[in-house]
>>> print(open('coords-v4.txt').read())   # compact mmCIF, C-alpha atoms
# COMPACT_ATOMS: atom_id res chain seq x y z
CA MET A 242 -14.21 50.39 59.73
CA SER A 243 -16.13 49.12 62.72
CA ALA A 244 -15.52 45.81 64.43
CA GLY A 245 -18.58 44.22 62.80
CA ASN A 246 -17.44 45.21 59.33
CA LEU A 247 -13.97 43.93 60.10
CA LEU A 248 -15.44 40.54 61.10
CA PHE A 249 -17.43 40.46 57.86
CA ALA A 250 -14.39 41.34 55.78
CA VAL A 251 -12.16 38.74 57.43
CA CYS A 252 -14.78 35.99 57.12
CA ALA A 253 -15.61 36.88 53.51
CA ILE A 254 -11.95 36.83 52.48
CA ALA A 255 -11.45 33.52 54.33
CA CYS A 256 -14.44 32.06 52.47
CA LEU A 257 -13.20 33.14 49.06
CA VAL A 258 -9.58 32.12 49.59
CA GLY A 259 -10.65 28.77 51.03
CA ALA A 260 -13.00 28.11 48.11
CA LEU A 261 -10.29 28.94 45.58
CA VAL A 262 -7.80 26.68 47.37
CA THR A 263 -10.37 23.87 47.46
CA VAL A 264 -10.92 24.01 43.72
CA ALA A 265 -7.39 24.80 42.57
CA ALA A 266 -5.18 22.70 44.84
CA GLN A 267 -3.44 19.78 43.18
CA ASN A 268 -3.11 17.95 46.49
CA PRO A 269 -6.62 17.03 47.76
CA ILE A 270 -5.44 17.31 51.38
CA ARG A 271 -4.79 21.00 50.75
CA GLY A 272 -8.24 21.14 49.17
CA ALA A 273 -9.75 19.72 52.35
CA MET A 274 -7.93 22.39 54.36
CA GLY A 275 -9.33 25.04 52.02
CA LEU A 276 -12.81 23.61 52.55
CA LEU A 277 -12.20 23.84 56.30
CA THR A 278 -11.22 27.52 55.92
CA THR A 279 -14.41 28.23 53.98
CA ILE A 280 -16.51 26.44 56.59
CA PHE A 281 -14.97 28.47 59.40
CA GLY A 282 -15.53 31.65 57.43
CA ILE A 283 -19.18 30.81 56.86
CA ALA A 284 -19.55 29.95 60.56
CA GLY A 285 -18.21 33.41 61.36
CA LEU A 286 -20.72 34.96 58.96
CA PHE A 287 -23.51 32.96 60.62
CA LEU A 288 -22.40 34.47 63.92
CA LYS A 289 -22.48 37.91 62.34
CA LEU A 290 -26.02 37.20 61.11
CA ARG A 291 -27.11 36.27 64.66
CA ALA A 292 -27.57 32.58 63.84
CA GLU A 293 -25.91 31.12 66.93
CA PHE A 294 -27.59 27.72 66.63
CA LEU A 295 -26.52 27.29 63.02
CA THR A 296 -22.98 28.42 63.87
CA ALA A 297 -22.71 25.57 66.36
CA ILE A 298 -24.26 23.08 63.94
CA GLN A 299 -21.98 24.25 61.14
CA LEU A 300 -18.86 23.77 63.25
CA ILE A 301 -19.96 20.41 64.66
CA VAL A 302 -21.26 18.82 61.47
CA TYR A 303 -19.02 20.32 58.79
CA ALA A 304 -15.74 21.02 60.54
CA GLY A 305 -16.14 18.11 62.93
CA ALA A 306 -17.59 15.38 60.74
CA VAL A 307 -17.56 16.13 57.01
CA VAL A 308 -14.00 17.44 56.70
CA VAL A 309 -12.71 14.70 58.99
CA LEU A 310 -14.46 12.13 56.79
CA PHE A 311 -12.82 13.63 53.69
CA VAL A 312 -9.39 13.56 55.35
CA PHE A 313 -9.93 9.95 56.46
CA VAL A 314 -10.76 8.85 52.92
CA LEU A 315 -7.81 10.79 51.50
CA MET A 316 -5.47 9.12 53.97
CA LEU A 317 -7.02 5.72 53.21
CA LEU A 318 -6.49 6.11 49.49
CA GLY A 319 -2.94 7.40 49.94
CA PRO A 320 -0.90 8.96 47.15
CA ASP A 321 -3.06 7.41 44.42
CA ALA A 322 -5.70 10.02 45.14
CA ARG A 323 -3.24 12.74 44.23
CA ALA A 324 -1.21 11.58 41.25
CA PRO A 325 -2.97 11.75 37.88
CA ALA A 326 -3.55 8.20 36.78
CA ARG A 327 -2.70 8.90 33.14
CA SER A 328 -2.84 11.88 30.85
CA GLY A 329 -5.91 10.71 28.98
CA ARG A 330 -8.19 12.86 26.88
CA SER A 331 -7.79 16.59 26.62
CA GLY A 332 -9.35 18.93 29.13
CA ALA A 333 -10.77 21.30 26.52
CA SER A 334 -14.38 20.26 27.01
CA ARG A 335 -14.06 20.46 30.78
CA ALA A 336 -12.48 23.92 30.55
CA LEU A 337 -15.24 25.03 28.18
CA GLY A 338 -17.88 23.79 30.59
CA GLY A 339 -16.24 25.62 33.47
CA VAL A 340 -15.94 28.87 31.53
CA LEU A 341 -19.55 28.67 30.37
CA PHE A 342 -20.83 28.02 33.88
CA ALA A 343 -18.77 30.84 35.38
CA GLY A 344 -19.86 33.21 32.61
CA ALA A 345 -23.53 32.35 32.98
CA SER A 346 -23.60 32.73 36.73
CA LEU A 347 -21.57 35.96 36.73
CA LEU A 348 -23.81 37.33 33.96
CA ALA A 349 -26.88 36.51 36.02
CA LEU A 350 -25.25 38.18 39.00
CA PHE A 351 -24.29 41.41 37.25
CA SER A 352 -27.61 41.69 35.47
CA LEU A 353 -28.87 42.35 39.00
CA GLY A 354 -26.16 44.97 39.40
CA GLY A 355 -28.62 47.88 39.42
CA GLN A 356 -30.30 46.48 42.48
CA LEU A 357 -26.94 45.72 43.97
CA GLU A 358 -26.07 49.42 44.13
CA GLN A 359 -28.79 50.35 46.60
CA SER A 360 -27.82 48.84 49.87
CA HIS A 361 -30.28 47.17 52.18
CA GLY A 362 -29.10 47.42 55.74
CA LEU A 363 -29.74 44.43 57.91
CA GLY A 364 -31.91 46.37 60.34
CA ALA A 365 -32.72 45.70 63.94
CA VAL A 366 -32.67 42.14 65.13
CA ALA A 367 -35.76 40.63 66.72
CA PRO A 368 -35.36 39.29 70.26
CA GLY A 369 -34.51 35.61 70.28
CA HIS A 370 -33.53 35.63 66.58
CA GLY A 371 -31.51 32.54 65.75
CA SER A 372 -31.42 31.13 69.26
CA VAL A 373 -31.84 27.43 69.92
CA GLU A 374 -35.21 28.09 71.49
CA SER A 375 -36.81 29.94 68.58
CA VAL A 376 -35.41 27.59 65.90
CA GLY A 377 -36.36 24.55 67.97
CA LYS A 378 -39.90 25.79 68.52
CA LEU A 379 -40.43 26.14 64.78
CA MET A 380 -38.70 22.87 63.98
CA PHE A 381 -40.82 20.85 66.37
CA SER A 382 -44.10 22.47 65.37
CA GLN A 383 -44.23 23.20 61.64
CA GLY A 384 -41.17 21.23 60.62
CA LEU A 385 -41.83 18.13 62.69
CA PHE A 386 -42.61 15.87 59.75
CA ALA A 387 -39.54 17.01 57.83
CA PHE A 388 -37.44 16.53 60.95
CA GLU A 389 -38.60 12.94 61.30
CA LEU A 390 -37.95 12.33 57.62
CA VAL A 391 -34.40 13.64 58.05
CA THR A 392 -33.77 11.23 60.90
CA ALA A 393 -34.94 8.36 58.69
CA LEU A 394 -32.73 9.66 55.87
CA LEU A 395 -29.68 9.73 58.14
CA ILE A 396 -30.27 6.16 59.32
CA VAL A 397 -30.71 4.92 55.75
CA ALA A 398 -27.62 6.85 54.60
CA VAL A 399 -25.42 5.44 57.35
CA ILE A 400 -26.57 1.86 56.72
CA GLY A 401 -26.16 2.36 52.97
CA ALA A 402 -22.69 3.81 53.40
CA ILE A 403 -21.62 0.80 55.48
CA ALA A 404 -23.12 -1.62 52.97
CA VAL A 405 -21.52 0.08 49.96
CA ALA A 406 -18.10 0.62 51.53
CA ARG A 407 -17.81 -2.94 52.85
CA GLY A 408 -18.50 -4.51 49.48
CA ARG A 409 -18.45 -8.28 49.02
CA GLN A 410 -14.97 -8.82 50.32
CA GLY A 411 -15.89 -11.57 52.76
CA ALA A 412 -17.89 -13.58 50.24
CA VAL A 413 -15.13 -13.46 47.61
CA ARG A 414 -12.48 -14.56 50.05
CA LYS A 415 -14.55 -17.48 51.28
CA LYS A 416 -15.13 -18.66 47.72
CA GLN A 417 -11.39 -18.53 46.99
CA VAL A 418 -10.55 -20.51 50.09
CA LEU A 419 -12.99 -23.22 49.07
CA ARG A 420 -11.60 -23.46 45.57
CA SER A 421 -8.06 -24.44 46.37
CA PRO A 422 -6.06 -24.84 49.56
CA ARG A 423 -3.22 -22.88 47.99
CA ASP A 424 -5.41 -19.77 48.00
CA LEU A 425 -5.15 -19.72 51.78
CA PHE A 426 -1.64 -18.29 51.43
CA SER A 427 -2.21 -16.02 48.44
CA GLY A 428 -3.61 -13.11 50.42
CA PRO A 429 -6.63 -10.99 49.56
CA PRO A 430 -8.12 -11.33 46.07
CA ARG A 431 -6.75 -8.98 43.46
CA THR A 432 -9.25 -6.76 41.79
CA ARG A 433 -7.08 -5.90 38.84
CA PRO A 434 -5.49 -8.49 36.53
CA VAL A 435 -1.73 -8.23 36.86
CA ALA A 436 0.72 -9.81 34.42
CA GLY A 437 1.50 -13.29 35.71
CA GLY A 438 -1.18 -12.97 38.36
CA PRO A 439 -3.64 -15.64 39.41
CA LEU A 440 -6.18 -14.61 36.78
CA GLU A 441 -3.78 -15.41 33.93
CA GLU A 442 -2.75 -18.73 35.36
CA GLY A 443 -6.22 -20.08 34.77
CA ALA A 444 -6.07 -19.20 31.08
CA GLU A 445 -2.91 -21.11 30.40
CA MET B 164 -20.53 48.94 47.45
CA SER B 165 -17.85 51.48 48.36
CA SER B 166 -16.74 49.93 51.62
CA LEU B 167 -16.79 46.33 52.70
CA SER B 168 -19.78 46.51 55.04
CA ASP B 169 -22.36 43.86 55.71
CA THR B 170 -25.45 44.78 53.76
CA LEU B 171 -27.69 42.11 52.31
CA GLU B 172 -26.21 42.71 48.85
CA HIS B 173 -22.74 41.80 50.02
CA TYR B 174 -23.98 38.50 51.37
CA VAL B 175 -25.72 37.78 48.04
CA LEU B 176 -22.54 38.67 46.15
CA LEU B 177 -20.34 36.54 48.39
CA SER B 178 -22.74 33.59 48.18
CA ALA B 179 -22.89 33.83 44.38
CA LEU B 180 -19.09 33.92 44.15
CA ILE B 181 -18.69 30.85 46.36
CA PHE B 182 -21.39 29.04 44.38
CA THR B 183 -19.64 29.91 41.10
CA ILE B 184 -16.27 28.71 42.39
CA GLY B 185 -17.85 25.45 43.54
CA GLY B 186 -19.66 24.92 40.24
CA VAL B 187 -16.55 25.57 38.19
CA GLY B 188 -14.59 23.21 40.42
CA PHE B 189 -17.19 20.49 39.95
CA LEU B 190 -17.07 20.87 36.17
CA VAL B 191 -13.33 21.30 35.70
CA ARG B 192 -11.69 18.94 38.17
CA ARG B 193 -11.45 15.21 37.49
CA ASN B 194 -10.79 13.99 41.02
CA VAL B 195 -14.03 12.71 42.53
CA LEU B 196 -13.02 13.83 46.01
CA VAL B 197 -12.42 17.40 44.84
CA GLN B 198 -15.76 17.29 43.03
CA LEU B 199 -17.49 16.26 46.27
CA MET B 200 -15.76 19.14 48.06
CA SER B 201 -17.03 21.50 45.35
CA ILE B 202 -20.57 20.27 45.99
CA GLU B 203 -20.04 21.07 49.67
CA LEU B 204 -18.98 24.59 48.70
CA MET B 205 -22.18 25.09 46.71
CA LEU B 206 -24.37 23.79 49.56
CA ASN B 207 -22.59 26.08 52.01
CA SER B 208 -23.15 29.12 49.82
CA VAL B 209 -26.87 28.37 49.66
CA ASN B 210 -26.98 28.06 53.45
CA LEU B 211 -25.32 31.47 53.77
CA LEU B 212 -27.93 32.98 51.45
CA LEU B 213 -30.84 31.45 53.38
CA VAL B 214 -29.55 32.73 56.70
CA ALA B 215 -28.84 36.21 55.30
CA PHE B 216 -32.38 36.57 53.91
CA ASN B 217 -33.80 35.24 57.16
CA ARG B 218 -31.86 37.96 58.98
CA VAL B 219 -33.65 40.63 56.91
CA HIS B 220 -37.10 39.04 56.97
CA GLY B 221 -36.98 37.90 60.56
CA GLU B 222 -40.64 37.17 61.21
CA ASN B 223 -39.94 33.50 61.84
CA MET B 224 -36.99 31.13 61.67
CA ALA B 225 -37.90 29.24 58.49
CA GLY B 226 -34.60 30.08 56.78
CA HIS B 227 -32.63 28.69 59.70
CA MET B 228 -34.73 25.54 59.65
CA PHE B 229 -34.10 25.10 55.93
CA ALA B 230 -30.37 25.56 56.43
CA PHE B 231 -30.42 22.96 59.20
CA PHE B 232 -32.12 20.43 56.93
CA ILE B 233 -29.66 21.21 54.13
CA ILE B 234 -26.76 20.54 56.49
CA ALA B 235 -28.30 17.19 57.48
CA VAL B 236 -28.87 16.14 53.86
CA ALA B 237 -25.33 17.24 52.94
CA ALA B 238 -23.88 15.10 55.72
CA ALA B 239 -25.83 12.07 54.47
CA GLU B 240 -24.73 12.79 50.90
CA VAL B 241 -21.08 12.97 51.87
CA ALA B 242 -21.26 9.68 53.77
CA VAL B 243 -22.82 7.81 50.85
CA GLY B 244 -20.63 9.57 48.26
CA LEU B 245 -17.39 8.74 50.03
CA ALA B 246 -18.54 5.13 50.46
CA ILE B 247 -19.14 4.94 46.69
CA VAL B 248 -15.70 6.46 46.06
CA LEU B 249 -14.07 3.85 48.29
CA SER B 250 -15.97 1.03 46.61
CA TYR B 251 -15.06 2.34 43.18
CA TYR B 252 -11.42 2.70 44.17
CA ARG B 253 -11.40 -0.93 45.25
CA LEU B 254 -12.79 -1.90 41.85
CA LYS B 255 -10.66 0.21 39.50
CA ALA B 256 -7.81 1.54 41.70
CA THR B 257 -8.44 5.13 40.64
CA VAL B 258 -10.52 8.10 41.77
CA TYR B 259 -10.58 9.98 38.47
CA THR B 260 -13.84 10.41 36.61
CA ASP B 261 -12.24 10.02 33.18
CA GLU B 262 -11.63 6.36 33.98
CA ALA B 263 -15.16 5.71 35.21
CA ASP B 264 -16.26 4.05 31.97
CA LEU B 265 -17.44 0.63 33.13
CA LEU B 266 -20.93 1.14 31.70
CA ARG B 267 -19.55 2.08 28.26
CA HIS B 268 -17.86 -1.21 27.50
>>> encode(input="coords-v4.txt", output="structure tokens")
Amino acid sequence: MSAGNLLFAVCAIACLVGALVTVAAQNPIRGAMGLLTTIFGIAGLFLKLRAEFLTAIQLIVYAGAVVVLFVFVLMLLGPDARAPARSGRSGASRALGGVLFAGASLLALFSLGGQLEQSHGLGAVAPGHGSVESVGKLMFSQGLFAFELVTALLIVAVIGAIAVARGRQGAVRKKQVLRSPRDLFSGPPRTRPVAGGPLEEGAE
Amino acid sequence: MSSLSDTLEHYVLLSALIFTIGGVGFLVRRNVLVQLMSIELMLNSVNLLLVAFNRVHGENMAGHMFAFFIIAVAAAEVAVGLAIVLSYYRLKATVYTDEADLLRH
């Protein structure tokens, strides 16, 4: 087995193991680590496919931003993100959906099995394939409009994320302060009615 | 298929397996965060497929450009999705989709 095949094998196994850990882990932090393993494996495969620019982007955006964002949210939510809230309805329909999806996609895959037997080699690589220069030249000529749209999308997404995540906390607190001076000492407003809480006092 | 070498078919097979694992995870798990991670798995598998086909048909870099745009859209989707999860957690103190039934009552 040559060094290139060894790199492919290691990265492919890392991808599969990471994906399985992501889906199967009970603790979402472990799932985030599995996602990180998959992302590193795919970055290695990008390197094997001579996509140096996308390898860098994959590591910066996914491993550097997306997984960190997931871990931040998991830490913010604390143990409530892990423990099952209550053992509600049965998981039979979910399991059926999963089995049907897996069966359909694997069936579609192995119906192509005849073509899978004959192997297409990857062939010689063109000079400059996957470099920043060649991708950038295409992106700023044919893909310029899409590139500008993506910049607008990112701005809108960041502003929307801030607006959604902040909520109306400030407005609610100001209203409570104005209602009664005692609310100054009662802390942040409760979102869930608790027994004996301030929401039940009003009903009595 | 005898040895584990990097032909195009192996990349297609690997991408399909990762996509299947991500899809099953999205359908089976109840935790919204794990479901978002499964979506990331599916997007990553599609990126791998685009780059692998671009490696075989290497006349221009359109596959790489597509993968770049997919990565950008996925980053935006994760930012908005996690913001919605945080907002929902503040409302209902849970991140499980079985309890997301505000519109039903």
>>> atom_distance(input="coords-v4.txt", atom1="CA of Gly275 in chain A", atom2="CA of Thr260 in chain B")
21.7 Å
>>> closest_residue(input="coords-v4.txt", among="A:Ile283, A:Leu277, A:Val262, A:Leu348", to="chain B", atoms="only C-alpha atoms")
A:Ile283
>>> atom_distance(input="coords-v4.txt", atom1="CA of Val366 in chain A", atom2="CA of Gly384 in chain A")
23.0 Å
>>> closest_residue(input="coords-v4.txt", among="B:Ser208, B:Thr183, B:Asn217, B:Ser250", to="Gly344 in chain A", atoms="all atoms listed in the file")
B:Thr183
>>> closest_residue(input="coords-v4.txt", among="A:Met316, A:Ala250, A:Ala349, A:Met274", to="chain B", atoms="all atoms listed in the file")
A:Ala250
>>> residues_around(input="coords-v4.txt", residues="range 387-390 of chain A", least_positions_apart="6", cutoff="12 Å", atoms="only C-alpha atoms", output="JSON, numbers by chain")
{"A": [377, 379, 380, 381, 396, 397], "B": [228, 229, 231, 232, 233, 235, 236]}
>>> residues_around(input="coords-v4.txt", residues="Gln299 in chain A", least_positions_apart="6", cutoff="9 Å", atoms="all atoms listed in the file", output="MDAnalysis selection string")
(chainID A and resid 280:281 283:284 287 305) or (chainID B and resid 231 234)
>>> write_last_selection(input="coords-v4.txt", atoms="C-alpha atoms", output="PDB file, in the frame of the given file")
ATOM      1  CA  ILE A 280     -16.510  26.440  56.590  1.00  0.00           C
ATOM      2  CA  PHE A 281     -14.970  28.470  59.400  1.00  0.00           C
ATOM      3  CA  ILE A 283     -19.180  30.810  56.860  1.00  0.00           C
ATOM      4  CA  ALA A 284     -19.550  29.950  60.560  1.00  0.00           C
ATOM      5  CA  PHE A 287     -23.510  32.960  60.620  1.00  0.00           C
ATOM      6  CA  GLY A 305     -16.140  18.110  62.930  1.00  0.00           C
TER       7      GLY A 305
ATOM      8  CA  PHE B 231     -30.420  22.960  59.200  1.00  0.00           C
ATOM      9  CA  ILE B 234     -26.760  20.540  56.490  1.00  0.00           C
TER      10      ILE B 234
END
